[in-house]
>>> print(open('query-v3.csv').read())   # CSV, C-alpha atoms
chain,number,residue,atom,x,y,z
O,1,MET,CA,-25.9,-30.7,-12.6
O,2,ALA,CA,-25.0,-32.0,-9.2
O,3,ALA,CA,-23.0,-29.6,-7.0
O,4,THR,CA,-20.2,-32.1,-6.8
O,5,ALA,CA,-20.0,-32.4,-10.5
O,6,ARG,CA,-19.9,-28.6,-10.9
O,7,ALA,CA,-17.2,-28.4,-8.2
O,8,ALA,CA,-15.2,-31.0,-10.0
O,9,LEU,CA,-15.5,-28.9,-13.2
O,10,VAL,CA,-14.2,-25.8,-11.3
O,11,ILE,CA,-11.3,-27.8,-9.9
O,12,ALA,CA,-10.5,-29.2,-13.3
O,13,ALA,CA,-10.5,-25.7,-14.8
O,14,CYS,CA,-8.3,-24.6,-11.9
O,15,LEU,CA,-5.8,-27.4,-12.6
O,16,LEU,CA,-5.8,-26.8,-16.3
O,17,SER,CA,-5.1,-23.1,-15.8
O,18,SER,CA,-2.3,-24.0,-13.4
O,19,ALA,CA,-0.9,-26.5,-16.0
O,20,ALA,CA,-1.1,-23.7,-18.6
O,21,MET,CA,0.9,-21.4,-16.3
O,22,ALA,CA,3.5,-24.1,-15.7
O,23,GLN,CA,4.0,-24.4,-19.5
O,24,ALA,CA,4.4,-20.6,-19.9
O,25,PRO,CA,8.0,-19.5,-20.8
O,26,ALA,CA,10.2,-19.5,-17.7
O,27,ALA,CA,10.4,-16.0,-16.1
O,28,ALA,CA,13.7,-14.1,-16.6
O,29,PRO,CA,16.0,-14.9,-13.7
O,30,ALA,CA,16.8,-12.5,-11.0
O,31,PRO,CA,19.9,-10.4,-11.7
O,32,ARG,CA,23.0,-11.3,-9.7
O,33,TRP,CA,26.2,-9.6,-8.7
O,34,PRO,CA,29.5,-11.0,-10.0
O,35,ASP,CA,30.0,-12.8,-6.7
O,36,GLY,CA,26.7,-14.6,-7.3
O,37,ARG,CA,24.5,-12.7,-4.8
O,38,VAL,CA,21.0,-11.8,-5.9
O,39,ASN,CA,20.6,-8.1,-6.8
O,40,LEU,CA,17.2,-7.0,-5.4
O,41,GLY,CA,17.2,-3.8,-7.4
O,42,SER,CA,18.4,-2.3,-10.7
O,43,THR,CA,21.4,-3.4,-12.8
O,44,PRO,CA,22.8,-1.4,-15.7
O,45,GLY,CA,20.8,-3.5,-18.2
O,46,GLN,CA,17.7,-4.0,-16.1
O,47,LYS,CA,16.7,-0.8,-14.4
O,48,GLY,CA,13.4,-0.4,-12.6
O,49,PHE,CA,11.7,-0.1,-9.2
O,50,TRP,CA,9.1,-2.0,-7.2
O,51,GLU,CA,5.7,-0.4,-7.5
O,52,ILE,CA,3.2,-1.0,-4.7
O,53,ARG,CA,-0.6,-0.5,-5.2
O,54,PRO,CA,-2.6,0.1,-2.1
O,55,GLY,CA,-3.6,-3.0,-0.1
O,56,LEU,CA,-0.5,-5.1,-0.9
O,57,GLY,CA,-0.7,-8.1,1.5
O,58,GLY,CA,-4.2,-7.2,2.7
O,59,THR,CA,-5.1,-6.4,6.3
O,60,PRO,CA,-4.6,-9.2,8.8
O,61,ARG,CA,-7.6,-9.7,11.0
O,62,ALA,CA,-7.3,-9.0,14.7
O,63,ALA,CA,-8.7,-12.4,15.4
O,64,ASP,CA,-5.7,-14.0,13.7
O,65,ILE,CA,-3.1,-12.0,15.6
O,66,PRO,CA,-1.8,-12.9,19.1
O,67,LEU,CA,-2.5,-9.5,20.6
O,68,GLN,CA,-2.2,-8.8,24.3
O,69,PRO,CA,-5.5,-7.5,25.7
O,70,TRP,CA,-4.3,-3.8,25.8
O,71,ALA,CA,-3.0,-4.0,22.2
O,72,ARG,CA,-6.3,-5.6,21.1
O,73,ALA,CA,-8.3,-2.8,22.8
O,74,LEU,CA,-6.1,-0.1,21.3
O,75,ALA,CA,-6.5,-1.6,17.8
O,76,ALA,CA,-10.3,-1.8,18.3
O,77,TYR,CA,-10.3,1.9,19.5
O,78,ARG,CA,-8.3,3.0,16.5
O,79,THR,CA,-10.6,1.1,14.1
O,80,SER,CA,-13.7,2.7,15.8
O,81,ARG,CA,-12.5,6.3,15.4
O,82,THR,CA,-13.0,7.9,12.0
O,83,ASP,CA,-10.7,10.8,12.8
O,84,LEU,CA,-7.6,8.6,13.6
O,85,HIS,CA,-5.3,7.7,10.8
O,86,PRO,CA,-2.1,5.6,10.5
O,87,PRO,CA,1.0,7.8,10.9
O,88,LEU,CA,1.8,7.3,7.2
O,89,VAL,CA,-1.4,9.0,6.1
O,90,ARG,CA,-0.3,11.9,8.2
O,91,CYS,CA,3.0,12.1,6.4
O,92,LYS,CA,5.0,10.4,9.2
O,93,PRO,CA,7.5,7.6,8.3
O,94,GLY,CA,6.2,4.0,8.2
O,95,GLY,CA,8.5,1.8,10.2
O,96,GLY,CA,9.1,-1.9,9.6
O,97,PRO,CA,6.5,-3.5,7.4
O,98,ALA,CA,4.6,-0.2,7.0
O,99,PHE,CA,7.7,1.2,5.1
O,100,PHE,CA,6.6,-0.9,2.1
O,101,ASN,CA,3.6,1.3,1.0
O,102,ALA,CA,2.2,2.8,-2.2
O,103,PRO,CA,3.5,4.0,-4.6
O,104,GLY,CA,6.7,1.9,-4.0
O,105,PHE,CA,10.4,1.7,-3.4
O,106,GLU,CA,13.8,1.1,-4.8
O,107,ILE,CA,16.4,-1.2,-3.3
O,108,VAL,CA,20.0,0.0,-3.8
O,109,ASP,CA,22.8,-2.4,-2.8
O,110,ALA,CA,26.1,-0.5,-2.2
O,111,PRO,CA,28.6,-3.3,-1.9
O,112,ASP,CA,31.6,-0.9,-1.5
O,113,GLU,CA,29.9,0.6,1.5
O,114,GLN,CA,28.6,-2.8,2.7
O,115,ARG,CA,25.1,-1.2,3.0
O,116,ILE,CA,21.8,-1.7,1.4
O,117,TYR,CA,19.5,1.2,1.1
O,118,ILE,CA,15.8,1.0,0.6
O,119,LEU,CA,14.4,4.3,-0.8
O,120,ASN,CA,10.8,4.9,-0.2
O,121,ILE,CA,8.8,7.1,-2.5
O,122,ALA,CA,6.0,8.0,-0.2
O,123,GLY,CA,5.6,8.6,3.6
O,124,ALA,CA,8.1,11.2,4.7
O,125,HIS,CA,10.3,10.7,1.6
O,126,SER,CA,12.6,8.5,3.6
O,127,TRP,CA,15.1,5.7,3.3
O,128,ARG,CA,16.3,2.8,5.4
O,129,VAL,CA,19.9,1.7,5.9
O,130,ILE,CA,20.7,-1.9,6.3
O,131,TYR,CA,24.3,-2.4,7.5
O,132,MET,CA,25.9,-5.5,5.8
O,133,ASP,CA,29.3,-5.2,7.4
O,134,GLY,CA,28.7,-7.6,10.3
O,135,ARG,CA,28.4,-4.9,13.0
O,136,PRO,CA,26.2,-5.7,16.0
O,137,HIS,CA,23.2,-3.6,17.1
O,138,PRO,CA,24.1,-0.8,19.5
O,139,THR,CA,23.2,-1.4,23.1
O,140,GLY,CA,22.1,0.5,26.1
O,141,ASP,CA,21.9,4.3,25.7
O,142,ASP,CA,23.4,4.0,22.2
O,143,LEU,CA,20.2,2.4,20.9
O,144,ARG,CA,17.9,5.3,20.7
O,145,PRO,CA,14.3,4.4,19.7
O,146,SER,CA,13.5,5.6,16.2
O,147,TYR,CA,11.0,5.2,13.4
O,148,PHE,CA,13.1,2.7,11.5
O,149,GLY,CA,15.3,1.3,14.3
O,150,HIS,CA,18.7,-0.1,13.7
O,151,SER,CA,19.0,-2.7,10.9
O,152,VAL,CA,21.7,-5.2,10.2
O,153,GLY,CA,21.5,-7.7,7.3
O,154,ARG,CA,23.0,-10.9,6.1
O,155,TRP,CA,22.4,-13.3,3.3
O,156,ASP,CA,20.8,-16.7,3.9
O,157,GLY,CA,21.2,-18.4,0.6
O,158,ASP,CA,19.3,-16.1,-1.8
O,159,SER,CA,17.3,-14.4,0.9
O,160,LEU,CA,18.3,-11.1,2.5
O,161,VAL,CA,17.6,-11.4,6.2
O,162,VAL,CA,17.2,-8.0,8.0
O,163,ASP,CA,17.3,-7.9,11.8
O,164,THR,CA,16.0,-4.7,13.4
O,165,VAL,CA,15.7,-3.4,16.9
O,166,GLY,CA,15.4,0.0,18.5
O,167,PHE,CA,12.0,1.0,17.2
O,168,ASN,CA,9.9,3.8,18.7
O,169,GLU,CA,6.3,3.1,19.5
O,170,LYS,CA,4.8,5.2,16.7
O,171,GLN,CA,4.2,2.7,14.0
O,172,TRP,CA,0.9,1.1,13.3
O,173,LEU,CA,1.4,-2.4,11.8
O,174,ALA,CA,-1.0,-3.1,8.9
O,175,GLY,CA,-2.5,0.3,9.5
O,176,VAL,CA,-3.8,-0.4,13.0
O,177,TYR,CA,-1.7,-2.7,15.3
O,178,PRO,CA,0.6,-1.2,18.0
O,179,THR,CA,4.2,-2.1,18.8
O,180,THR,CA,6.5,-1.3,21.7
O,181,GLU,CA,10.2,-0.6,22.1
O,182,ARG,CA,10.7,-4.3,22.7
O,183,LEU,CA,9.9,-5.1,19.1
O,184,HIS,CA,12.5,-7.3,17.4
O,185,LEU,CA,11.7,-7.5,13.7
O,186,THR,CA,13.1,-10.1,11.3
O,187,GLU,CA,12.5,-9.5,7.6
O,188,ARG,CA,13.3,-11.9,4.8
O,189,ILE,CA,13.4,-10.5,1.3
O,190,SER,CA,14.0,-12.6,-1.8
O,191,ARG,CA,13.8,-12.2,-5.6
O,192,PRO,CA,13.0,-15.6,-7.1
O,193,ASP,CA,13.0,-14.1,-10.6
O,194,LEU,CA,13.3,-10.7,-12.3
O,195,ARG,CA,9.8,-9.6,-11.6
O,196,THR,CA,9.1,-11.3,-8.3
O,197,LEU,CA,9.8,-10.0,-4.8
O,198,SER,CA,8.8,-12.0,-1.7
O,199,TYR,CA,8.6,-10.4,1.7
O,200,GLU,CA,8.1,-11.9,5.1
O,201,ALA,CA,8.3,-10.0,8.4
O,202,THR,CA,8.2,-11.7,11.8
O,203,ILE,CA,7.1,-9.5,14.6
O,204,ASP,CA,8.5,-10.5,17.9
O,205,ASP,CA,7.3,-8.0,20.5
O,206,PRO,CA,6.6,-9.4,24.0
O,207,GLY,CA,5.4,-5.9,24.9
O,208,ALA,CA,2.3,-6.1,22.7
O,209,TYR,CA,1.8,-9.7,21.6
O,210,THR,CA,1.7,-13.1,23.3
O,211,ALA,CA,3.7,-14.8,20.5
O,212,PRO,CA,5.6,-13.9,17.3
O,213,TRP,CA,3.5,-13.5,14.2
O,214,SER,CA,4.1,-12.7,10.5
O,215,ILE,CA,3.1,-10.5,7.7
O,216,ARG,CA,3.8,-11.6,4.1
O,217,TRP,CA,3.4,-10.4,0.6
O,218,THR,CA,4.6,-11.1,-2.9
O,219,ILE,CA,5.0,-8.8,-5.8
O,220,ASN,CA,4.8,-10.7,-9.1
O,221,GLU,CA,3.2,-10.9,-12.6
O,222,LYS,CA,-0.2,-11.7,-11.0
O,223,SER,CA,-0.3,-9.0,-8.3
O,224,LYS,CA,-1.4,-5.5,-8.9
O,225,SER,CA,1.9,-4.3,-7.5
O,226,SER,CA,4.8,-5.0,-9.8
O,227,TRP,CA,8.4,-4.5,-11.0
O,228,ILE,CA,8.2,-1.5,-13.2
O,229,ALA,CA,10.9,-2.3,-15.8
O,230,GLY,CA,12.6,0.9,-17.0
O,231,GLY,CA,10.7,2.9,-14.3
O,232,GLU,CA,12.3,5.4,-12.0
O,233,ILE,CA,11.3,6.6,-8.5
O,234,PHE,CA,10.0,10.1,-8.4
O,235,GLU,CA,9.5,13.0,-6.0
O,236,TYR,CA,6.6,12.6,-3.6
O,237,ILE,CA,6.8,15.1,-0.7
O,238,CYS,CA,4.0,14.3,1.7
O,239,GLN,CA,2.4,17.6,2.9
O,240,GLY,CA,-0.9,16.5,4.3
O,241,GLU,CA,-3.6,19.2,4.1
B,1,MET,CA,-27.8,-17.2,-4.0
B,2,THR,CA,-27.9,-20.8,-3.0
B,3,GLY,CA,-25.4,-22.3,-0.6
B,4,ARG,CA,-24.1,-24.4,-3.4
B,5,ALA,CA,-23.5,-21.4,-5.7
B,6,ILE,CA,-21.8,-19.6,-2.9
B,7,ARG,CA,-19.5,-22.6,-2.4
B,8,LEU,CA,-18.7,-22.6,-6.1
B,9,TRP,CA,-18.0,-18.9,-6.1
B,10,ALA,CA,-15.7,-19.4,-3.1
B,11,LEU,CA,-13.8,-22.2,-4.9
B,12,ALA,CA,-13.5,-20.0,-8.0
B,13,ALA,CA,-12.2,-17.1,-5.9
B,14,TRP,CA,-9.7,-19.4,-4.3
B,15,CYS,CA,-8.6,-20.6,-7.7
B,16,GLY,CA,-7.7,-17.1,-8.8
B,17,LEU,CA,-6.5,-15.8,-5.5
B,18,GLY,CA,-3.7,-13.2,-5.8
B,19,THR,CA,-2.8,-10.3,-3.6
B,20,VAL,CA,-5.7,-9.1,-1.5
B,21,VAL,CA,-6.4,-5.5,-2.3
B,22,LEU,CA,-8.4,-3.5,0.1
B,23,ALA,CA,-9.6,0.1,0.0
B,24,HIS,CA,-7.6,2.8,1.8
B,25,HIS,CA,-7.8,2.1,5.5
B,26,SER,CA,-9.4,5.3,6.5
B,27,PHE,CA,-11.6,6.0,3.4
B,28,GLU,CA,-14.7,4.0,4.4
B,29,ALA,CA,-14.4,5.4,7.9
B,30,GLU,CA,-14.5,9.0,6.7
B,31,PHE,CA,-16.8,8.7,3.6
B,32,ASP,CA,-20.0,6.8,3.0
B,33,PRO,CA,-19.8,4.9,-0.3
B,34,ASN,CA,-23.6,4.4,0.0
B,35,ASN,CA,-24.2,8.2,0.0
B,36,VAL,CA,-23.0,9.1,-3.4
B,37,VAL,CA,-23.7,12.5,-5.1
B,38,ASN,CA,-23.1,14.5,-8.2
B,39,ILE,CA,-21.7,18.0,-7.6
B,40,THR,CA,-21.8,20.7,-10.3
B,41,GLY,CA,-20.1,24.0,-9.6
B,42,VAL,CA,-17.2,26.3,-10.1
B,43,VAL,CA,-13.6,25.3,-9.2
B,44,THR,CA,-12.2,27.7,-6.6
B,45,LYS,CA,-9.0,25.9,-5.5
B,46,LEU,CA,-6.9,22.8,-6.4
B,47,ASP,CA,-4.4,21.5,-3.9
B,48,TRP,CA,-2.1,19.2,-5.9
B,49,ILE,CA,-0.5,17.6,-2.8
B,50,ASN,CA,0.5,14.3,-1.4
B,51,PRO,CA,-0.7,11.9,-0.1
B,52,HIS,CA,-4.1,13.1,-1.6
B,53,ALA,CA,-5.0,16.0,-3.9
B,54,PHE,CA,-8.1,18.1,-3.1
B,55,VAL,CA,-10.4,20.2,-5.3
B,56,TYR,CA,-12.8,22.8,-3.9
B,57,VAL,CA,-16.0,23.4,-5.8
B,58,ASP,CA,-18.6,26.1,-5.2
B,59,SER,CA,-22.1,24.7,-6.0
B,60,LYS,CA,-25.2,26.8,-6.1
B,61,SER,CA,-28.5,25.2,-5.3
B,62,ALA,CA,-31.8,26.1,-7.0
B,63,ALA,CA,-32.6,28.3,-4.1
B,64,GLY,CA,-29.4,30.3,-4.7
B,65,GLU,CA,-27.5,28.9,-1.7
B,66,VAL,CA,-23.8,28.3,-2.4
B,67,LYS,CA,-22.1,25.3,-0.8
B,68,ARG,CA,-18.3,25.0,-0.9
B,69,TYR,CA,-17.5,21.3,-1.4
B,70,LYS,CA,-14.1,20.0,-0.5
B,71,ILE,CA,-13.4,16.8,-2.5
B,72,GLU,CA,-10.6,14.5,-1.8
B,73,MET,CA,-8.9,12.9,-4.8
B,74,GLY,CA,-6.2,10.3,-5.3
B,75,PRO,CA,-2.4,10.9,-5.0
B,76,PRO,CA,-1.0,13.2,-7.8
B,77,TYR,CA,1.1,10.4,-9.3
B,78,ALA,CA,-2.0,8.2,-9.8
B,79,LEU,CA,-4.0,11.1,-11.2
B,80,THR,CA,-1.2,11.8,-13.7
B,81,ARG,CA,-1.2,8.2,-14.7
B,82,GLY,CA,-5.0,8.5,-15.2
B,83,GLY,CA,-4.5,11.4,-17.7
B,84,TRP,CA,-4.5,14.5,-15.5
B,85,LYS,CA,-2.2,17.2,-16.8
B,86,ARG,CA,-0.8,20.5,-15.5
B,87,ASP,CA,-3.5,22.5,-17.4
B,88,THR,CA,-6.4,20.1,-17.0
B,89,LEU,CA,-8.2,22.2,-14.5
B,90,LYS,CA,-8.3,26.0,-14.1
B,91,ILE,CA,-9.8,28.1,-11.3
B,92,GLY,CA,-13.2,29.2,-12.5
B,93,ASP,CA,-13.9,26.2,-14.6
B,94,THR,CA,-17.4,24.8,-14.3
B,95,VAL,CA,-17.2,21.0,-13.7
B,96,THR,CA,-19.4,18.1,-12.5
B,97,VAL,CA,-18.0,15.6,-10.0
B,98,GLU,CA,-19.9,12.4,-10.7
B,99,GLY,CA,-20.3,9.8,-8.0
B,100,ALA,CA,-18.5,11.3,-5.0
B,101,ALA,CA,-19.0,9.7,-1.6
B,102,MET,CA,-20.2,12.2,1.1
B,103,ALA,CA,-18.5,12.6,4.4
B,104,ARG,CA,-20.1,10.6,7.3
B,105,ASP,CA,-19.7,13.7,9.6
B,106,GLY,CA,-22.3,15.6,7.7
B,107,SER,CA,-19.9,18.3,6.4
B,108,ASP,CA,-19.6,19.4,2.8
B,109,SER,CA,-16.6,17.1,2.3
B,110,ALA,CA,-16.6,14.3,-0.2
B,111,GLY,CA,-14.2,11.5,-1.2
B,112,SER,CA,-13.4,10.0,-4.5
B,113,LEU,CA,-14.3,6.3,-5.1
B,114,PRO,CA,-12.5,4.3,-7.8
B,115,THR,CA,-15.5,5.1,-10.0
B,116,THR,CA,-15.7,8.8,-9.2
B,117,GLN,CA,-15.2,11.0,-12.3
B,118,MET,CA,-14.9,14.7,-13.0
B,119,LYS,CA,-16.6,16.0,-16.1
B,120,LEU,CA,-14.4,18.9,-17.2
B,121,ALA,CA,-15.5,22.1,-18.9
B,122,SER,CA,-14.4,20.6,-22.2
B,123,GLY,CA,-16.7,17.6,-21.6
B,124,GLN,CA,-13.8,15.2,-21.1
B,125,LYS,CA,-14.1,12.9,-18.1
B,126,LEU,CA,-11.3,11.8,-15.9
B,127,THR,CA,-11.3,9.5,-12.9
B,128,MET,CA,-10.5,11.3,-9.6
B,129,ARG,CA,-8.4,8.5,-8.0
>>> encode(input="query-v3.csv", output="structure tokens")
Amino acid sequence: MAATARAALVIAACLLSSAAMAQAPAAAPAPRWPDGRVNLGSTPGQKGFWEIRPGLGGTPRAADIPLQPWARALAAYRTSRTDLHPPLVRCKPGGGPAFFNAPGFEIVDAPDEQRIYILNIAGAHSWRVIYMDGRPHPTGDDLRPSYFGHSVGRWDGDSLVVDTVGFNEKQWLAGVYPTTERLHLTERISRPDLRTLSYEATIDDPGAYTAPWSIRWTINEKSKSSWIAGGEIFEYICQGE
Amino acid sequence: MTGRAIRLWALAAWCGLGTVVLAHHSFEAEFDPNNVVNITGVVTKLDWINPHAFVYVDSKSAAGEVKRYKIEMGPPYALTRGGWKRDTLKIGDTVTVEGAAMARDGSDSAGSLPTTQMKLASGQKLTMR
């Protein structure tokens, strides 16, 4: 059979499987609060948590990232050394995108407090706070660099948009890439249906990169990572050796 | 494989593309998946800790020399999911670790691949990641 004919067959099979998926029963909708906002976590009737299997989102290649020369050299050095590990492997907190690591997390919206918490199972058994009350970021000496920085959130339609500044320089993005205290992180989190969570982080750090760049992943029925219906987060104290 | 076949495979892979899943960042740097061994010996210690558990096995060679192997396993939550229980392993049990990847630095340390199994004293086999 000619290669083109075989390729056509593969494409036809591909389209057919897509069509079959399109005809599958519609996924259960994402839960919503009484005011219509999407609930990214558990509800009384639909409890669960988001499980992450290692490698969610893959590892972006250095060639695809607008690294400044020093940051490119540092990433190459880290990759070349077998005795260097990302902070998370050494039981330090993972900041920004590194926070979303195996085995997973739970998102807890506390409307009365106007805060959203993201509880991480692994790393340093830590949590993030996203202030939803409209407050600005602290400035000057009040913005002390930290692992998670200072996060404020707002809703853009059905997407939670989290704006974070005030990071320290101890996180390794995607397990290898450096950031500086000039990092301004914008994360968009949405839940198109009950079992799907989409994440996009835009890294704007003029201290380490020549342009903003993004990391994306989606947890859904097809990914190894998934919404664990009825599951509960559990104790995971990272001790190292 | 011919160029055509490779293109077809690439197309098929694209068709089913989901989340890219890679091995642990530091695993391949530390352990050599091409230097895989079986280790039979006596369990001397089990560290059931995060992010990775460790088991220590004393293995005696035919010449009578004892090596103390330190074998890295997966995280406890994944081992539990794979069937490991509180009383699965006891100090003094004779076990065989099948298909562990040896450390690249030449030490007596090894890492568990997704295929690495432990054959327990009972004969039962459990994956070590």
>>> atom_distance(input="query-v3.csv", atom1="atom CA of Ala75 of chain O", atom2="atom CA of Thr186 of chain O")
22.3 Å
>>> residues_near_point(input="query-v3.csv", point="(8.9, 5.6, 18.3)", cutoff="12 Å", atoms="only C-alpha atoms", output="MDAnalysis selection string")
chainID O and resid 87 92:96 144:149 165:172 178:183
>>> atom_distance(input="query-v3.csv", atom1="atom CA of Asp109 of chain O", atom2="atom CA of Gly153 of chain O")
11.5 Å
>>> closest_residue(input="query-v3.csv", among="O:Gly55, O:Pro44, O:Pro34, O:Gly140", to="Pro103 of chain O", atoms="all atoms listed in the file")
O:Gly55
>>> interface_residues(input="query-v3.csv", of="chain O", to="chain B", cutoff="6 Å", atoms="only C-alpha atoms", output="list in words")
Cys14, Gly55, Gly57, Gly58, Thr82, Ser223, Cys238 and Gln239 of chain O
>>> residues_around(input="query-v3.csv", residues="Lys90 of chain B", least_positions_apart="3", cutoff="10 Å", atoms="all atoms listed in the file", output="count of residues only")
11
>>> decode(input="query-v3.csv", residues="segment 85-123 of chain B", atoms="C-alpha atoms", output="PDB file, in the first residue's frame")
ATOM      1  CA  LYS B  85       0.836  -3.478  53.525  1.00  0.00           C
ATOM      2  CA  ARG B  86       2.181  -2.693  56.961  1.00  0.00           C
ATOM      3  CA  ASP B  87       3.304  -6.293  57.492  1.00  0.00           C
ATOM      4  CA  THR B  88       4.462  -7.043  53.941  1.00  0.00           C
ATOM      5  CA  LEU B  89       8.157  -6.941  54.818  1.00  0.00           C
ATOM      6  CA  LYS B  90       9.914  -7.914  58.029  1.00  0.00           C
ATOM      7  CA  ILE B  91      13.531  -7.367  59.013  1.00  0.00           C
ATOM      8  CA  GLY B  92      15.347 -10.641  58.379  1.00  0.00           C
ATOM      9  CA  ASP B  93      13.175 -11.712  55.435  1.00  0.00           C
ATOM     10  CA  THR B  94      15.058 -13.144  52.475  1.00  0.00           C
ATOM     11  CA  VAL B  95      13.883 -11.440  49.299  1.00  0.00           C
ATOM     12  CA  THR B  96      14.904 -10.965  45.688  1.00  0.00           C
ATOM     13  CA  VAL B  97      14.752  -7.572  44.039  1.00  0.00           C
ATOM     14  CA  GLU B  98      14.252  -8.232  40.343  1.00  0.00           C
ATOM     15  CA  GLY B  99      15.357  -5.683  37.767  1.00  0.00           C
ATOM     16  CA  ALA B 100      16.765  -2.819  39.860  1.00  0.00           C
ATOM     17  CA  ALA B 101      18.813  -0.121  38.104  1.00  0.00           C
ATOM     18  CA  MET B 102      22.281   0.312  39.610  1.00  0.00           C
ATOM     19  CA  ALA B 103      23.643   3.726  40.572  1.00  0.00           C
ATOM     20  CA  ARG B 104      25.817   5.434  38.006  1.00  0.00           C
ATOM     21  CA  ASP B 105      28.364   6.430  40.679  1.00  0.00           C
ATOM     22  CA  GLY B 106      29.437   2.813  41.218  1.00  0.00           C
ATOM     23  CA  SER B 107      28.059   2.602  44.762  1.00  0.00           C
ATOM     24  CA  ASP B 108      25.878  -0.248  46.051  1.00  0.00           C
ATOM     25  CA  SER B 109      22.759   1.856  45.575  1.00  0.00           C
ATOM     26  CA  ALA B 110      19.988   0.962  43.167  1.00  0.00           C
ATOM     27  CA  GLY B 111      16.745   2.514  41.995  1.00  0.00           C
ATOM     28  CA  SER B 112      13.396   0.958  41.157  1.00  0.00           C
ATOM     29  CA  LEU B 113      12.131   1.172  37.597  1.00  0.00           C
ATOM     30  CA  PRO B 114       8.384   0.850  36.897  1.00  0.00           C
ATOM     31  CA  THR B 115       9.143  -2.832  36.131  1.00  0.00           C
ATOM     32  CA  THR B 116      11.221  -3.536  39.257  1.00  0.00           C
ATOM     33  CA  GLN B 117       9.623  -6.119  41.551  1.00  0.00           C
ATOM     34  CA  MET B 118      10.384  -7.603  44.927  1.00  0.00           C
ATOM     35  CA  LYS B 119       9.881 -11.336  45.331  1.00  0.00           C
ATOM     36  CA  LEU B 120       8.912 -11.688  48.978  1.00  0.00           C
ATOM     37  CA  ALA B 121       9.710 -14.581  51.310  1.00  0.00           C
ATOM     38  CA  SER B 122       6.165 -15.834  50.630  1.00  0.00           C
ATOM     39  CA  GLY B 123       6.843 -15.935  46.901  1.00  0.00           C
TER      40      GLY B 123
END
